[in-house]
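Accompanying notes for the structure given below.
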Amino acid sequence: MNPFKEQETVKSFTLRYPSRLEAYLNAVTTEHNVSKNQYIVQLLERELNIK
């Protein structure tokens, strides 16, 4: 039994999105007190049925 959790490799990419989404993204991330990155990762995990 390993007491230390294995670190996950982190990947990155540039996301281009329509400017009309900016206000929605800012509002929802402020409401949930998370960064845009955290929110988008959560959306991807949910959509891909991960975790």
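As shown in the structure tokens, the chain order sets the letters A, B, ...; within each chain, residues go from 1, and ligands are also counted from 1 in the order they appear.
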### Task
Please identify all polymer residues within 12 Å of region 10-24 of chain A, counting only C-alpha atoms, omitting same-chain residues fewer than 4 positions from it, and present them as a PyMOL selection string.
chain A and resi 28-31+36-37+39-41
#### Entry: Atomic separation - CA of Gln7 (chain A) relative to CA of Gln38 (chain A), Å
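That distance, rounded to one decimal, is 17.2 Å.
Rounded to one decimal, CA of Lys5 (chain A) and CA of His32 (chain A) lie 26.5 Å from each other.
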### Task
Please run DSSP on the backbone and report, as a ChimeraX atom specification, all residues within chain A that come out as helix (DSSP H, G or I).
/A:19-32,36-47
